[in-house]
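> You'll find my_file22.txt just under this line, and it carries compact mmCIF, C-alpha atoms.
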# COMPACT_ATOMS: atom_id res chain seq x y z
CA MET A 1 -7.04 7.60 13.16
CA SER A 2 -9.43 4.79 14.02
CA ALA A 3 -10.76 2.39 11.41
CA GLN A 4 -14.17 3.16 10.05
CA HIS A 5 -14.94 -0.56 9.81
CA SER A 6 -13.54 -3.24 12.03
CA ALA A 7 -11.46 -5.88 10.27
CA ALA A 8 -12.21 -9.25 11.77
CA PRO A 9 -9.16 -11.27 12.84
CA PRO A 10 -8.58 -14.51 10.96
CA ALA A 11 -10.14 -17.66 12.30
CA ALA A 12 -8.02 -19.72 14.67
CA ALA A 13 -7.47 -22.46 12.12
CA ALA A 14 -6.33 -19.99 9.49
CA GLN A 15 -3.77 -18.31 11.76
CA GLN A 16 -1.31 -21.16 11.16
CA ALA A 17 -1.15 -20.33 7.45
CA THR A 18 0.93 -17.55 5.98
CA ARG A 19 -1.17 -14.60 4.91
CA LEU A 20 -0.40 -12.73 1.70
CA HIS A 21 -1.08 -8.99 1.77
CA ILE A 22 -0.88 -7.32 -1.65
CA VAL A 23 -0.66 -3.52 -1.53
CA THR A 24 -1.58 -1.46 -4.58
CA GLY A 25 -2.60 2.13 -5.25
CA LYS A 26 -2.51 4.89 -7.81
CA GLY A 27 0.94 6.39 -8.36
CA GLY A 28 1.69 9.07 -5.80
CA THR A 29 -0.54 7.67 -3.05
CA GLY A 30 2.38 6.21 -1.09
CA LYS A 31 1.67 2.51 -1.58
CA THR A 32 5.31 1.50 -0.96
CA THR A 33 5.33 3.38 2.33
CA VAL A 34 2.05 1.74 3.37
CA ALA A 35 3.36 -1.71 2.38
CA ALA A 36 6.48 -1.16 4.50
CA ALA A 37 4.45 0.10 7.46
CA LEU A 38 2.09 -2.87 7.15
CA ALA A 39 5.03 -5.32 7.17
CA LEU A 40 6.28 -3.70 10.39
CA ALA A 41 2.80 -3.81 11.94
CA LEU A 42 2.38 -7.50 11.10
CA ALA A 43 5.82 -8.36 12.54
CA ASP A 44 4.71 -7.37 16.02
CA GLU A 45 5.12 -9.74 18.98
CA GLY A 46 7.75 -12.08 17.63
CA LYS A 47 6.28 -12.76 14.20
CA ARG A 48 8.21 -12.89 10.93
CA THR A 49 7.13 -11.02 7.83
CA LEU A 50 8.58 -10.84 4.34
CA LEU A 51 8.28 -7.58 2.38
CA VAL A 52 8.48 -8.23 -1.36
CA GLU A 53 9.34 -5.65 -4.02
CA VAL A 54 8.39 -6.48 -7.61
CA GLU A 55 8.86 -3.22 -9.54
CA GLY A 56 12.63 -2.82 -9.17
CA ARG A 57 12.43 0.79 -7.97
CA GLY A 58 14.44 0.32 -4.76
CA GLY A 59 11.80 2.09 -2.68
CA ILE A 60 11.93 -0.36 0.22
CA ALA A 61 15.69 0.01 0.71
CA GLN A 62 15.31 3.80 0.72
CA LEU A 63 12.54 3.72 3.31
CA PHE A 64 14.53 1.52 5.68
CA GLU A 65 17.73 3.44 4.93
CA THR A 66 19.62 0.33 3.92
CA GLU A 67 21.64 -0.71 0.89
CA ALA A 68 19.96 -1.97 -2.27
CA LEU A 69 18.16 -5.27 -1.75
CA PRO A 70 19.77 -8.30 -3.41
CA TYR A 71 17.82 -11.21 -4.88
CA GLU A 72 17.73 -12.95 -1.53
CA GLU A 73 15.68 -12.59 1.61
CA ARG A 74 17.44 -10.34 4.09
CA LYS A 75 16.46 -9.05 7.52
CA ILE A 76 16.05 -5.28 7.37
CA ALA A 77 14.16 -4.30 10.55
CA VAL A 78 12.96 -5.37 13.97
CA ALA A 79 9.42 -4.45 14.98
CA PRO A 80 8.75 -2.90 18.43
CA GLY A 81 7.30 -6.18 19.70
CA GLY A 82 10.40 -8.15 18.69
CA GLY A 83 9.27 -9.49 15.32
CA ASP A 84 11.52 -9.51 12.27
CA VAL A 85 10.94 -7.91 8.88
CA HIS A 86 12.79 -9.50 5.98
CA ALA A 87 12.78 -8.08 2.47
CA LEU A 88 13.27 -9.37 -1.05
CA ALA A 89 13.57 -7.54 -4.36
CA ILE A 90 12.49 -10.04 -7.01
CA ASP A 91 14.64 -10.01 -10.14
CA PRO A 92 12.68 -11.54 -13.06
CA GLU A 93 15.80 -12.95 -14.71
CA LEU A 94 17.01 -14.70 -11.56
CA ALA A 95 13.47 -15.83 -10.79
CA LEU A 96 13.34 -17.46 -14.25
CA LEU A 97 16.61 -19.26 -13.51
CA ASP A 98 15.08 -20.56 -10.27
CA TYR A 99 12.02 -21.66 -12.22
CA LEU A 100 14.06 -23.48 -14.88
CA ASP A 101 16.12 -25.22 -12.22
CA MET A 102 13.08 -26.17 -10.13
CA PHE A 103 10.97 -27.64 -12.92
CA TYR A 104 13.44 -28.55 -15.64
CA LYS A 105 16.64 -29.20 -13.62
CA LEU A 106 18.66 -27.03 -15.98
CA GLY A 107 21.15 -25.91 -13.33
CA ARG A 108 24.34 -24.83 -15.08
CA ALA A 109 22.61 -24.83 -18.44
CA GLY A 110 20.23 -22.16 -17.17
CA ARG A 111 23.15 -20.01 -16.04
CA ALA A 112 24.71 -20.44 -19.48
CA LEU A 113 21.48 -19.18 -21.03
CA LYS A 114 21.73 -16.08 -18.83
CA LYS A 115 25.27 -15.40 -20.06
CA LEU A 116 24.04 -15.63 -23.62
CA GLY A 117 21.30 -13.10 -22.87
CA ALA A 118 18.49 -15.58 -23.46
CA ILE A 119 16.92 -15.00 -20.03
CA ASP A 120 16.80 -11.25 -20.47
CA PHE A 121 15.39 -11.74 -23.96
CA ALA A 122 12.65 -14.05 -22.69
CA THR A 123 11.47 -11.72 -19.91
CA THR A 124 11.55 -8.70 -22.24
CA ILE A 125 9.57 -10.09 -25.16
CA ALA A 126 7.01 -11.77 -22.92
CA PRO A 127 5.80 -9.28 -20.26
CA GLY A 128 3.24 -11.83 -19.09
CA LEU A 129 6.07 -14.23 -18.28
CA ARG A 130 7.65 -11.56 -16.11
CA ASP A 131 4.47 -11.19 -14.05
CA VAL A 132 4.17 -14.97 -13.73
CA LEU A 133 7.67 -15.11 -12.27
CA LEU A 134 7.07 -12.21 -9.87
CA THR A 135 3.80 -13.56 -8.48
CA GLY A 136 5.17 -17.10 -8.45
CA LYS A 137 8.15 -16.16 -6.32
CA ALA A 138 5.97 -14.34 -3.79
CA CYS A 139 3.55 -17.27 -3.58
CA GLU A 140 6.47 -19.68 -3.12
CA ALA A 141 7.45 -17.70 -0.01
CA VAL A 142 3.85 -17.99 1.23
CA ARG A 143 3.84 -21.78 0.85
CA ARG A 144 7.38 -22.39 2.07
CA LYS A 145 7.96 -24.26 5.32
CA GLY A 146 10.64 -23.32 7.85
CA THR A 147 13.13 -25.58 9.61
CA SER A 148 10.68 -26.31 12.44
CA GLY A 149 8.05 -27.63 10.03
CA GLY A 150 5.79 -24.60 10.31
CA ARG A 151 5.54 -21.80 7.80
CA ALA A 152 8.71 -19.81 7.15
CA TYR A 153 6.80 -16.51 7.52
CA ASP A 154 3.67 -15.44 9.34
CA ALA A 155 2.87 -12.94 6.59
CA VAL A 156 4.16 -11.88 3.19
CA VAL A 157 3.52 -8.28 2.08
CA MET A 158 3.89 -7.45 -1.61
CA ASP A 159 4.49 -3.91 -2.80
CA ALA A 160 2.56 -4.53 -6.01
CA PRO A 161 2.12 -2.58 -9.28
CA PRO A 162 -0.33 0.38 -9.40
CA THR A 163 -4.10 -0.07 -9.29
CA GLY A 164 -4.47 0.45 -13.04
CA ARG A 165 -2.76 -2.86 -13.82
CA ILE A 166 -3.07 -4.84 -10.58
CA THR A 167 -5.87 -7.14 -11.79
CA ARG A 168 -4.02 -8.20 -14.94
CA PHE A 169 -0.79 -8.59 -12.95
CA LEU A 170 -2.42 -10.96 -10.46
CA ASN A 171 -4.61 -12.75 -12.99
CA VAL A 172 -1.84 -13.53 -15.49
CA ASN A 173 -1.41 -17.05 -14.12
CA ASP A 174 -5.01 -17.84 -15.01
CA GLU A 175 -4.20 -16.91 -18.61
CA VAL A 176 -1.03 -19.02 -18.56
CA ALA A 177 -2.87 -22.00 -17.12
CA GLY A 178 -5.37 -21.71 -19.97
CA LEU A 179 -2.62 -21.59 -22.60
CA ALA A 180 -0.54 -24.41 -21.14
CA ARG A 181 -3.12 -27.17 -20.68
CA PHE A 182 -0.82 -29.57 -18.86
CA GLY A 183 2.72 -29.97 -17.57
CA PRO A 184 4.79 -28.08 -14.95
CA ILE A 185 3.93 -24.62 -16.31
CA HIS A 186 0.20 -25.35 -16.07
CA ASN A 187 0.57 -26.85 -12.59
CA GLN A 188 2.67 -23.94 -11.33
CA ALA A 189 0.22 -21.36 -12.68
CA GLN A 190 -2.71 -23.12 -11.03
CA ALA A 191 -0.81 -23.36 -7.72
CA VAL A 192 -0.14 -19.63 -7.80
CA MET A 193 -3.79 -18.82 -8.53
CA ARG A 194 -4.90 -21.05 -5.66
CA VAL A 195 -2.83 -18.86 -3.33
CA LEU A 196 -3.93 -15.57 -4.90
CA LYS A 197 -7.63 -16.46 -4.76
CA SER A 198 -7.53 -18.05 -1.31
CA ALA A 199 -8.98 -16.66 1.91
CA GLU A 200 -5.42 -16.07 3.12
CA THR A 201 -4.80 -13.41 0.47
CA ALA A 202 -6.02 -9.81 0.59
CA VAL A 203 -5.47 -7.00 -1.91
CA HIS A 204 -5.33 -3.66 -0.08
CA LEU A 205 -5.81 -0.40 -1.98
CA VAL A 206 -4.05 2.81 -0.96
CA THR A 207 -5.71 6.11 -1.83
CA LEU A 208 -5.85 9.80 -1.02
CA LEU A 209 -9.01 11.79 -0.36
CA GLU A 210 -8.83 13.24 -3.85
CA GLU A 211 -11.07 12.66 -6.84
CA MET A 212 -8.73 10.74 -9.18
CA PRO A 213 -7.17 8.36 -6.61
CA VAL A 214 -10.60 7.55 -5.14
CA GLN A 215 -12.11 6.91 -8.58
CA GLU A 216 -9.21 4.62 -9.47
CA THR A 217 -9.72 2.82 -6.16
CA VAL A 218 -13.44 2.33 -6.88
CA ASP A 219 -12.66 1.04 -10.38
CA GLY A 220 -9.88 -1.20 -9.05
CA VAL A 221 -12.15 -2.80 -6.47
CA ALA A 222 -14.75 -3.52 -9.17
CA GLU A 223 -12.12 -5.14 -11.44
CA LEU A 224 -10.66 -7.24 -8.62
CA ARG A 225 -14.09 -8.47 -7.58
CA ALA A 226 -15.02 -9.29 -11.18
CA ALA A 227 -11.84 -11.36 -11.48
CA GLY A 228 -12.60 -13.26 -8.28
CA LEU A 229 -9.58 -11.81 -6.46
CA PRO A 230 -9.95 -11.16 -2.71
CA VAL A 231 -10.19 -7.48 -1.82
CA GLY A 232 -8.92 -6.53 1.63
CA ALA A 233 -9.03 -2.98 2.95
CA VAL A 234 -8.74 0.60 1.78
CA VAL A 235 -5.96 2.67 3.36
CA VAL A 236 -6.52 6.42 3.16
CA ASN A 237 -3.01 7.86 3.23
CA MET A 238 -1.54 11.33 3.83
CA LEU A 239 -4.50 12.78 5.71
CA ARG A 240 -3.93 16.42 6.51
CA PRO A 241 -4.92 17.68 9.98
CA ALA A 242 -8.08 19.72 10.47
CA VAL A 243 -7.20 23.41 10.76
CA LEU A 244 -10.67 24.83 11.43
CA ASP A 245 -13.44 23.51 13.64
CA GLU A 246 -16.92 22.79 12.25
CA ALA A 247 -18.29 26.24 12.98
CA ALA A 248 -15.34 27.95 11.28
CA VAL A 249 -15.66 25.66 8.24
CA ARG A 250 -19.34 26.57 7.89
CA ILE A 251 -18.53 30.27 8.05
CA ALA A 252 -15.61 29.97 5.61
CA SER A 253 -17.72 28.08 3.10
CA SER A 254 -20.63 30.55 3.22
CA THR A 255 -21.10 33.89 1.47
CA GLU A 256 -21.36 35.51 4.89
CA ARG A 257 -17.66 35.20 5.66
CA ARG A 258 -17.10 38.81 4.55
CA GLY A 259 -19.36 39.87 7.40
CA HIS A 260 -16.76 38.59 9.83
CA ARG A 261 -13.99 40.84 8.53
CA ALA A 262 -14.14 43.26 11.48
CA ALA A 263 -14.09 40.45 14.06
CA VAL A 264 -11.12 38.78 12.36
CA ALA A 265 -9.22 42.07 12.13
CA LYS A 266 -9.87 42.76 15.82
CA ALA A 267 -8.66 39.28 16.81
CA LEU A 268 -5.48 39.72 14.78
CA SER A 269 -4.88 43.09 16.37
CA GLN A 270 -5.37 41.66 19.87
CA ALA A 271 -2.79 39.00 18.97
CA GLY A 272 -0.27 41.77 18.35
CA LEU A 273 -0.39 41.77 14.54
CA GLY A 274 -0.98 45.48 14.04
CA GLY A 275 -3.94 47.83 13.91
CA ALA A 276 -7.44 46.67 13.05
CA ARG A 277 -8.49 49.93 11.41
CA ARG A 278 -8.62 50.28 7.62
CA GLY A 279 -5.08 50.25 6.26
CA GLY A 280 -3.64 48.73 9.43
CA LEU A 281 -1.53 45.56 9.24
CA ALA A 282 -4.16 43.37 10.92
CA GLU A 283 -6.84 44.69 8.57
CA ARG A 284 -4.66 43.97 5.52
CA LEU A 285 -4.20 40.37 6.64
CA VAL A 286 -7.93 39.66 6.75
CA ASP A 287 -8.62 39.07 3.05
CA PRO A 288 -5.71 36.60 2.53
CA LEU A 289 -6.78 34.71 5.65
CA LEU A 290 -10.40 34.56 4.56
CA GLU A 291 -9.30 33.26 1.14
CA GLN A 292 -7.21 30.53 2.79
CA ALA A 293 -10.17 29.65 4.99
CA ARG A 294 -12.39 29.38 1.91
CA GLU A 295 -9.89 27.04 0.20
CA HIS A 296 -9.65 24.94 3.36
CA ALA A 297 -13.45 24.69 3.53
CA GLU A 298 -13.55 23.52 -0.09
CA ARG A 299 -10.95 20.86 0.66
CA VAL A 300 -12.93 19.66 3.70
CA ALA A 301 -16.07 19.38 1.54
CA LEU A 302 -14.15 17.45 -1.14
CA GLU A 303 -12.69 15.06 1.42
CA ARG A 304 -16.13 14.37 2.83
CA ARG A 305 -17.47 13.52 -0.62
CA GLU A 306 -14.53 11.23 -1.37
CA ARG A 307 -14.76 9.55 2.03
CA ALA A 308 -18.43 8.81 1.31
CA GLU A 309 -17.36 7.16 -1.99
CA ILE A 310 -14.92 4.96 -0.12
CA GLU A 311 -17.48 4.05 2.54
CA GLY A 312 -19.79 2.96 -0.28
CA LEU A 313 -17.36 0.16 -1.13
CA GLY A 314 -18.25 -1.60 2.13
CA LEU A 315 -14.62 -2.41 2.92
CA PRO A 316 -12.58 -2.00 6.13
CA THR A 317 -11.03 1.48 5.96
CA TYR A 318 -7.92 2.74 7.73
CA GLU A 319 -6.41 6.20 7.84
CA LEU A 320 -2.80 7.41 8.04
CA GLU A 321 -1.70 10.96 8.69
CA LEU A 322 0.52 13.09 6.48
CA LEU A 323 4.00 13.12 8.00
CA GLY A 324 5.60 15.80 5.83
CA ASP A 325 7.71 15.90 2.70
CA GLY A 326 9.74 12.74 3.38
CA ILE A 327 9.34 9.57 5.38
CA GLU A 328 12.20 8.60 7.67
CA VAL A 329 12.52 5.30 9.54
CA GLY A 330 10.99 6.86 12.65
CA GLY A 331 7.98 7.97 10.63
CA LEU A 332 7.62 4.49 9.19
CA TYR A 333 7.42 3.01 12.69
CA ARG A 334 4.87 5.68 13.59
CA LEU A 335 2.67 4.68 10.66
CA ALA A 336 3.07 1.00 11.54
CA ASN A 337 1.94 1.73 15.09
CA SER A 338 -1.10 3.58 13.74
CA LEU A 339 -2.06 0.61 11.57
CA ARG A 340 -1.59 -1.71 14.52
CA GLU A 341 -3.75 0.45 16.80
CA GLN A 342 -6.47 0.48 14.15
CA GLY A 343 -6.35 -3.32 14.04
CA ILE A 344 -5.52 -3.82 10.38
CA ALA A 345 -5.39 -7.53 9.51
CA GLY A 346 -6.00 -8.48 13.14
CA THR A 347 -2.91 -6.67 14.48
CA GLN A 348 -4.63 -4.78 17.28
CA ARG A 349 -3.10 -5.44 20.68
CA LYS A 350 -5.19 -6.22 23.73
CA GLY A 351 -6.22 -2.98 25.34
CA GLY A 352 -5.53 -1.05 22.12
CA ARG A 353 -7.96 1.26 20.43
What does the file become when written as structure tokens?


Amino acid sequence: MSAQHSAAPPAAAAQQATRLHIVTGKGGTGKTTVAAALALALADEGKRTLLVEVEGRGGIAQLFETEALPYEERKIAVAPGGGDVHALAIDPELALLDYLDMFYKLGRAGRALKKLGAIDFATTIAPGLRDVLLTGKACEAVRRKGTSGGRAYDAVVMDAPPTGRITRFLNVNDEVAGLARFGPIHNQAQAVMRVLKSAETAVHLVTLLEEMPVQETVDGVAELRAAGLPVGAVVVNMLRPAVLDEAAVRIASSTERRGHRAAVAKALSQAGLGGARRGGLAERLVDPLLEQAREHAERVALERRERAEIEGLGLPTYELELLGDGIEVGGLYRLANSLREQGIAGTQRKGGR
């Protein structure tokens, strides 16, 4: 469960700024679960985090077993150390209304446009505009000041789109800034890119120790780096426990495993699973068990190869265990504690691992 590389905590001067953690990953790797666990981990010891959903799938509300998130920041959890986790599901239409009111002072006129369907039309025919609004809203939360004059949040965690389109999603404001050479749209796009490309932002990639997710992670890291976007860590999710020790794995992966049939049958018989002689229950169980052992050995070998690919990226790497078919709130806190113990984003407590 420990990190394979140590993530250095932010410098003292940078700790006053709000950090933006963008979590992406191939579909099926559990990126929403990791984003939620990270938000809990970062909210430790009295801090405030904002968990942002941009895909409209309602995954965050399901994880925290709460009602659907409205288009407003709402407290959804308290971390073990007393920090608060707030959440926001960004609605592109309402975000566009905010944008029109902020920069063009449309107010009621903007709401009238929504009633006429113009807002929905605009966000549908211009997918790039939708991404501008989503990233812009998240970055606004990063820059926002609270009532005391400090930052409103210590960290903002975005459950972002999958790895295959994360670079274009984050880089869309660069394209907009190039198209709109001046004016509020240009200025807003540049402000968003300053946040996204700053040292306070990190794009974390969630993967499994399987060939396709790891390859997509490797490709995603290369694309992010080419675009000048800051890559954070790799989170290896859903790790299955080791069933066999090293010696057993070596035997199971070799052609000599058949030579151990008699010893396995005898062990099964001694455990009360029938006779070890030919035709006995214990003897009949040997071949299925040896086949399962062979499959397990193959999986271990595959995971080692994929882990080596990840290590080759030179990024901090963290690991989370497989908790079963579904994640409940208790499991989410367990994953958050694991991330905290591993020290992701400087969360490790004094005296922790």

> When distances are computed from all atoms listed in the file, which of A:Gly324, A:Gly314, A:Gly81, A:Gly149 shows the smallest separation from Val218 (chain A)?

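Ranked by minimum distance to Val218 (chain A), first place goes to A:Gly314.
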
> Identify which of the residues A:Glu223, A:Leu170, A:Val214, A:Ser338 lies closest to Glu309 (chain A), counting all atoms listed in the file when measuring atom-to-atom distances.

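The answer is A:Val214, which sits nearest to Glu309 (chain A).
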
> For a test of reading the model, state the distance in Å between CA of Gly232 (chain A) and CA of Leu20 (chain A), rounded to one decimal.

10.5 Å

> For Ala233 (chain A), which of A:Pro162, A:Pro92, A:Pro316, A:Gly220 is the closest residue, counting all atoms listed in the file?

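Looking at the shortest contact to Ala233 (chain A), the residue is A:Pro316.
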
> So which one's closest to Leu332 (chain A), A:Val132, A:Glu216, A:Leu63, A:Arg19? Using only C-alpha atoms, please.

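Distance minimum relative to Leu332 (chain A) lands on A:Leu63.
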
> Counting all atoms listed in the file, which residues sit no farther than 7 Å from the position (-7.7, 19.0, -3.3) in the file's frame? I'd like them as number ranges by chain.

A: 210, 299, 302

> Quick one: residues within 9 Å of Val156 (chain A), only C-alpha atoms, excluding same-chain residues fewer than 5 positions away - as a VMD selection string?

chain A and resid 18 to 22 39 48 to 52 138 to 139 141 to 142

> Would you compute the distance between CA of Leu134 (chain A) and CA of Gly346 (chain A)? Give it in Å to one decimal.

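Value for the CA of Leu134 (chain A)-CA of Gly346 (chain A) distance: 26.7 Å.
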
> Which one of A:Arg151, A:Lys75, A:Arg130, A:His204 sits closest to Val34 (chain A) if you count all atoms listed in the file?

A:His204

> Hey, what's within 10 Å of Phe64 (chain A) if we count all atoms listed in the file and toss same-chain stuff fewer than 6 positions away? As a ChimeraX atom specification, please?

/A:33,36,76-77,327-330,332

> CA of Glu140 (chain A) and CA of Ala226 (chain A), how far apart in Å?

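It comes out at 25.2 Å.
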
> Padding 3 Å on each side, edges along x, y and z: where is the centre of the box around the listed atoms of region 225-233 of chain A, and how long are its edges in Å to one decimal? Output it as JSON.


{"center_x": -12.0, "center_y": -8.1, "center_z": -4.3, "size_x": 12.1, "size_y": 16.3, "size_z": 20.4}

> I need the residue nearest Ala95 (chain A) from this list: A:Val236, A:Val78, A:Leu129, A:Val195. Use all atoms listed in the file for the distance.

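For Ala95 (chain A), the nearest of the given residues is A:Leu129.
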